[in-house]
Amino acid sequence: MRALVTGGTGFLGKRLAWRLRDEGWEVTVIGRNDKIGAQLEQQGVRYISLDIRRKKEAMDACSGQDVVFHCAARSASWGAYEDFYASNVTGTEHVIAGCMRHNVERLIHVSTPSVCFRYGDRKNVTERYALPQRQASHYAATKRLAEIAIAQAALGRLRAVIIRPRAIFGPGDTSILPRIIEANTTTGVPMIDGGRALIDLTYIDNVVDALVLSQRAPDEVLGRTYHITNGEPMPFVQAAQRFLTSWACHCA
């Protein structure tokens, strides 16, 4: 089996590439971090230096692939809407077009539960809940548009599954832990509702499991969206303390 992983030099994409390689897949990753790409090449994973905003190259990368795992995204906390749109919407449209042109058997798209956010406490939100008409950030808004593009293509020939993993953490985390550390060493970690606000997290290997299972699952999953989480919500202050303790032990 041959798999393409977009965003393959990122936290999730790299971990997924290792798993697929270990299971005997022929894995190709595309990304923009050539240093990590070179490391992956040495570890038996083919690397293509590529920005998915380039349509022809992104479509060509899908050629000969059995499955495409679309992990690439712009997920910064700030930035221009146009930049988020180019990466998260236009880039996804290029991946969709490549999968359809080259008859890829299945596209697994990584979205975000941020599309569900409504500026208030929400528990046990299922995939069937109605989404807000307006998202809270450029990131969430463009990821929702990417979901819509996939859903529309799935009405035709695209065979796709969408997952929404919640707050991914684990070894090699390049997002949550670094932001908490930076805040802790500068302004301090903001404690919404005194740190009592619940946060739900997902361990990196659980997300990789979800991606692999989305590829293996029967055709009944096609066209559907799944929320992925550890199912262990905890107060934010508790989660932050665990992160910082883990970081301190790692650096000791």
# chains A, B, ... in the order shown; residues from 1 in each chain; ligands from 1
$ residues_around --residues "Met59 (chain A)" --least-positions-apart "5" --cutoff "8 Å" --atoms "only C-alpha atoms" --output "ChimeraX atom specification"
/A:94-95,97-99,101
$ residues_around --residues "Gly223 (chain A)" --least-positions-apart "6" --cutoff "12 Å" --atoms "only C-alpha atoms" --output "ChimeraX atom specification"
/A:106-109,147-163,214
$ write_last_selection --atoms "N, CA and C atoms" --output "PDB file, in the first residue's frame"
ATOM      1  N   ARG A 106      -8.954   6.561  -0.973  1.00  0.00           N
ATOM      2  CA  ARG A 106      -9.559   7.217   0.190  1.00  0.00           C
ATOM      3  C   ARG A 106      -8.734   8.428   0.614  1.00  0.00           C
ATOM      4  N   LEU A 107      -9.433   9.516   0.949  1.00  0.00           N
ATOM      5  CA  LEU A 107      -8.813  10.718   1.503  1.00  0.00           C
ATOM      6  C   LEU A 107      -9.249  10.847   2.954  1.00  0.00           C
ATOM      7  N   ILE A 108      -8.279  10.939   3.857  1.00  0.00           N
ATOM      8  CA  ILE A 108      -8.565  11.152   5.273  1.00  0.00           C
ATOM      9  C   ILE A 108      -8.133  12.585   5.595  1.00  0.00           C
ATOM     10  N   HIS A 109      -9.091  13.404   5.956  1.00  0.00           N
ATOM     11  CA  HIS A 109      -8.833  14.835   6.164  1.00  0.00           C
ATOM     12  C   HIS A 109      -8.856  15.168   7.652  1.00  0.00           C
ATOM     13  N   GLU A 147     -13.852  21.634   5.086  1.00  0.00           N
ATOM     14  CA  GLU A 147     -14.790  20.531   5.306  1.00  0.00           C
ATOM     15  C   GLU A 147     -15.910  20.558   4.263  1.00  0.00           C
ATOM     16  N   ILE A 148     -16.424  21.749   3.997  1.00  0.00           N
ATOM     17  CA  ILE A 148     -17.515  21.882   3.029  1.00  0.00           C
ATOM     18  C   ILE A 148     -17.051  21.457   1.643  1.00  0.00           C
ATOM     19  N   ALA A 149     -15.824  21.845   1.281  1.00  0.00           N
ATOM     20  CA  ALA A 149     -15.287  21.454  -0.028  1.00  0.00           C
ATOM     21  C   ALA A 149     -15.188  19.936  -0.147  1.00  0.00           C
ATOM     22  N   ILE A 150     -14.760  19.279   0.915  1.00  0.00           N
ATOM     23  CA  ILE A 150     -14.657  17.818   0.900  1.00  0.00           C
ATOM     24  C   ILE A 150     -16.039  17.178   0.847  1.00  0.00           C
ATOM     25  N   ALA A 151     -16.978  17.713   1.623  1.00  0.00           N
ATOM     26  CA  ALA A 151     -18.332  17.160   1.623  1.00  0.00           C
ATOM     27  C   ALA A 151     -18.972  17.277   0.240  1.00  0.00           C
ATOM     28  N   GLN A 152     -18.750  18.394  -0.422  1.00  0.00           N
ATOM     29  CA  GLN A 152     -19.308  18.574  -1.761  1.00  0.00           C
ATOM     30  C   GLN A 152     -18.680  17.599  -2.751  1.00  0.00           C
ATOM     31  N   ALA A 153     -17.359  17.421  -2.655  1.00  0.00           N
ATOM     32  CA  ALA A 153     -16.689  16.478  -3.557  1.00  0.00           C
ATOM     33  C   ALA A 153     -17.109  15.043  -3.267  1.00  0.00           C
ATOM     34  N   ALA A 154     -17.438  14.760  -1.999  1.00  0.00           N
ATOM     35  CA  ALA A 154     -17.856  13.417  -1.620  1.00  0.00           C
ATOM     36  C   ALA A 154     -19.225  13.057  -2.193  1.00  0.00           C
ATOM     37  N   LEU A 155     -19.981  14.065  -2.619  1.00  0.00           N
ATOM     38  CA  LEU A 155     -21.247  13.795  -3.291  1.00  0.00           C
ATOM     39  C   LEU A 155     -21.011  13.212  -4.676  1.00  0.00           C
ATOM     40  N   GLY A 156     -19.792  13.411  -5.175  1.00  0.00           N
ATOM     41  CA  GLY A 156     -19.402  12.858  -6.465  1.00  0.00           C
ATOM     42  C   GLY A 156     -18.557  11.617  -6.277  1.00  0.00           C
ATOM     43  N   ARG A 157     -17.293  11.690  -6.745  1.00  0.00           N
ATOM     44  CA  ARG A 157     -16.436  10.493  -6.742  1.00  0.00           C
ATOM     45  C   ARG A 157     -15.465  10.429  -5.575  1.00  0.00           C
ATOM     46  N   LEU A 158     -15.347  11.499  -4.813  1.00  0.00           N
ATOM     47  CA  LEU A 158     -14.353  11.503  -3.744  1.00  0.00           C
ATOM     48  C   LEU A 158     -14.780  10.591  -2.594  1.00  0.00           C
ATOM     49  N   ARG A 159     -13.872   9.722  -2.181  1.00  0.00           N
ATOM     50  CA  ARG A 159     -14.106   8.809  -1.059  1.00  0.00           C
ATOM     51  C   ARG A 159     -13.313   9.360   0.131  1.00  0.00           C
ATOM     52  N   ALA A 160     -14.029  10.015   1.043  1.00  0.00           N
ATOM     53  CA  ALA A 160     -13.329  10.771   2.085  1.00  0.00           C
ATOM     54  C   ALA A 160     -13.929  10.547   3.466  1.00  0.00           C
ATOM     55  N   VAL A 161     -13.079  10.732   4.478  1.00  0.00           N
ATOM     56  CA  VAL A 161     -13.468  10.716   5.885  1.00  0.00           C
ATOM     57  C   VAL A 161     -12.826  11.942   6.528  1.00  0.00           C
ATOM     58  N   ILE A 162     -13.557  12.592   7.423  1.00  0.00           N
ATOM     59  CA  ILE A 162     -13.044  13.760   8.145  1.00  0.00           C
ATOM     60  C   ILE A 162     -12.951  13.423   9.626  1.00  0.00           C
ATOM     61  N   ILE A 163     -11.828  13.771  10.246  1.00  0.00           N
ATOM     62  CA  ILE A 163     -11.730  13.646  11.704  1.00  0.00           C
ATOM     63  C   ILE A 163     -11.438  15.018  12.292  1.00  0.00           C
ATOM     64  N   SER A 214      -9.451   5.054  10.179  1.00  0.00           N
ATOM     65  CA  SER A 214     -10.274   5.670   9.132  1.00  0.00           C
ATOM     66  C   SER A 214      -9.931   5.098   7.767  1.00  0.00           C
TER      67      SER A 214
END
$ residues_around --residues "Arg144 (chain A)" --least-positions-apart "3" --cutoff "12 Å" --atoms "only C-alpha atoms" --output "VMD selection string"
chain A and resid 84 to 85 88 to 89 92 109 to 117 131 to 141 147 to 151 162 164 225
$ residues_around --residues "Asn230 (chain A)" --least-positions-apart "3" --cutoff "7 Å" --atoms "only C-alpha atoms" --output "list in words"
Leu201, Thr202 and Tyr203 of chain A
$ closest_residue --among "A:Arg2, A:Arg216, A:His102, A:Ala17" --to "Cys62 (chain A)" --atoms "only C-alpha atoms"
A:His102
$ closest_residue --among "A:Ala72, A:Ser77, A:Thr90, A:Gly37" --to "Arg53 (chain A)" --atoms "only C-alpha atoms"
A:Thr90
$ select_by_dssp --residues "region 75-105 of chain A" --states "alpha helix (DSSP H)" --output "PyMOL selection string"
chain A and resi 81-85+91-101
$ write_last_selection --atoms "C-alpha atoms" --output "JSON list (two decimals), in the first residue's frame"
[["chain", "number", "residue", "atom", "x", "y", "z"],
["A", 81, "TYR", "CA", -7.35, 35.69, 6.57],
["A", 82, "GLU", "CA", -5.94, 35.40, 3.04],
["A", 83, "ASP", "CA", -3.02, 33.35, 4.31],
["A", 84, "PHE", "CA", -5.29, 30.94, 6.20],
["A", 85, "TYR", "CA", -7.57, 30.65, 3.17],
["A", 91, "GLY", "CA", -4.57, 23.87, -0.58],
["A", 92, "THR", "CA", -7.30, 21.40, 0.37],
["A", 93, "GLU", "CA", -9.04, 21.98, -2.96],
["A", 94, "HIS", "CA", -5.78, 21.07, -4.71],
["A", 95, "VAL", "CA", -5.52, 17.84, -2.68],
["A", 96, "ILE", "CA", -9.15, 17.01, -3.48],
["A", 97, "ALA", "CA", -8.55, 17.58, -7.19],
["A", 98, "GLY", "CA", -5.44, 15.39, -7.09],
["A", 99, "CYS", "CA", -7.29, 12.55, -5.34],
["A", 100, "MET", "CA", -10.13, 12.68, -7.87],
["A", 101, "ARG", "CA", -7.88, 12.92, -10.93]]
$ select_by_dssp --residues "region 78-157 of chain A" --states "strand (DSSP E)" --output "list in words"
Arg106, Leu107, Ile108, His109 and Val110 of chain A
$ write_last_selection --atoms "N, CA, C and O atoms" --output "PDB file, in the first residue's frame"
ATOM      1  N   ARG A 106      -8.954   6.561  -0.973  1.00  0.00           N
ATOM      2  CA  ARG A 106      -9.559   7.217   0.190  1.00  0.00           C
ATOM      3  C   ARG A 106      -8.734   8.428   0.614  1.00  0.00           C
ATOM      4  O   ARG A 106      -7.512   8.372   0.636  1.00  0.00           O
ATOM      5  N   LEU A 107      -9.433   9.516   0.949  1.00  0.00           N
ATOM      6  CA  LEU A 107      -8.813  10.718   1.503  1.00  0.00           C
ATOM      7  C   LEU A 107      -9.249  10.847   2.954  1.00  0.00           C
ATOM      8  O   LEU A 107     -10.454  10.867   3.250  1.00  0.00           O
ATOM      9  N   ILE A 108      -8.279  10.939   3.857  1.00  0.00           N
ATOM     10  CA  ILE A 108      -8.565  11.152   5.273  1.00  0.00           C
ATOM     11  C   ILE A 108      -8.133  12.585   5.595  1.00  0.00           C
ATOM     12  O   ILE A 108      -6.950  12.920   5.506  1.00  0.00           O
ATOM     13  N   HIS A 109      -9.091  13.404   5.956  1.00  0.00           N
ATOM     14  CA  HIS A 109      -8.833  14.835   6.164  1.00  0.00           C
ATOM     15  C   HIS A 109      -8.856  15.168   7.652  1.00  0.00           C
ATOM     16  O   HIS A 109      -9.807  14.817   8.366  1.00  0.00           O
ATOM     17  N   VAL A 110      -7.818  15.851   8.118  1.00  0.00           N
ATOM     18  CA  VAL A 110      -7.747  16.272   9.519  1.00  0.00           C
ATOM     19  C   VAL A 110      -8.312  17.683   9.640  1.00  0.00           C
ATOM     20  O   VAL A 110      -7.731  18.644   9.145  1.00  0.00           O
TER      21      VAL A 110
END
$ closest_residue --among "A:Leu40, A:Val104, A:Leu12, A:Leu20" --to "Ala167 (chain A)" --atoms "only C-alpha atoms"
A:Leu12
$ atom_distance --atom1 "CA of Ser75 (chain A)" --atom2 "CA of Val125 (chain A)"
21.9 Å
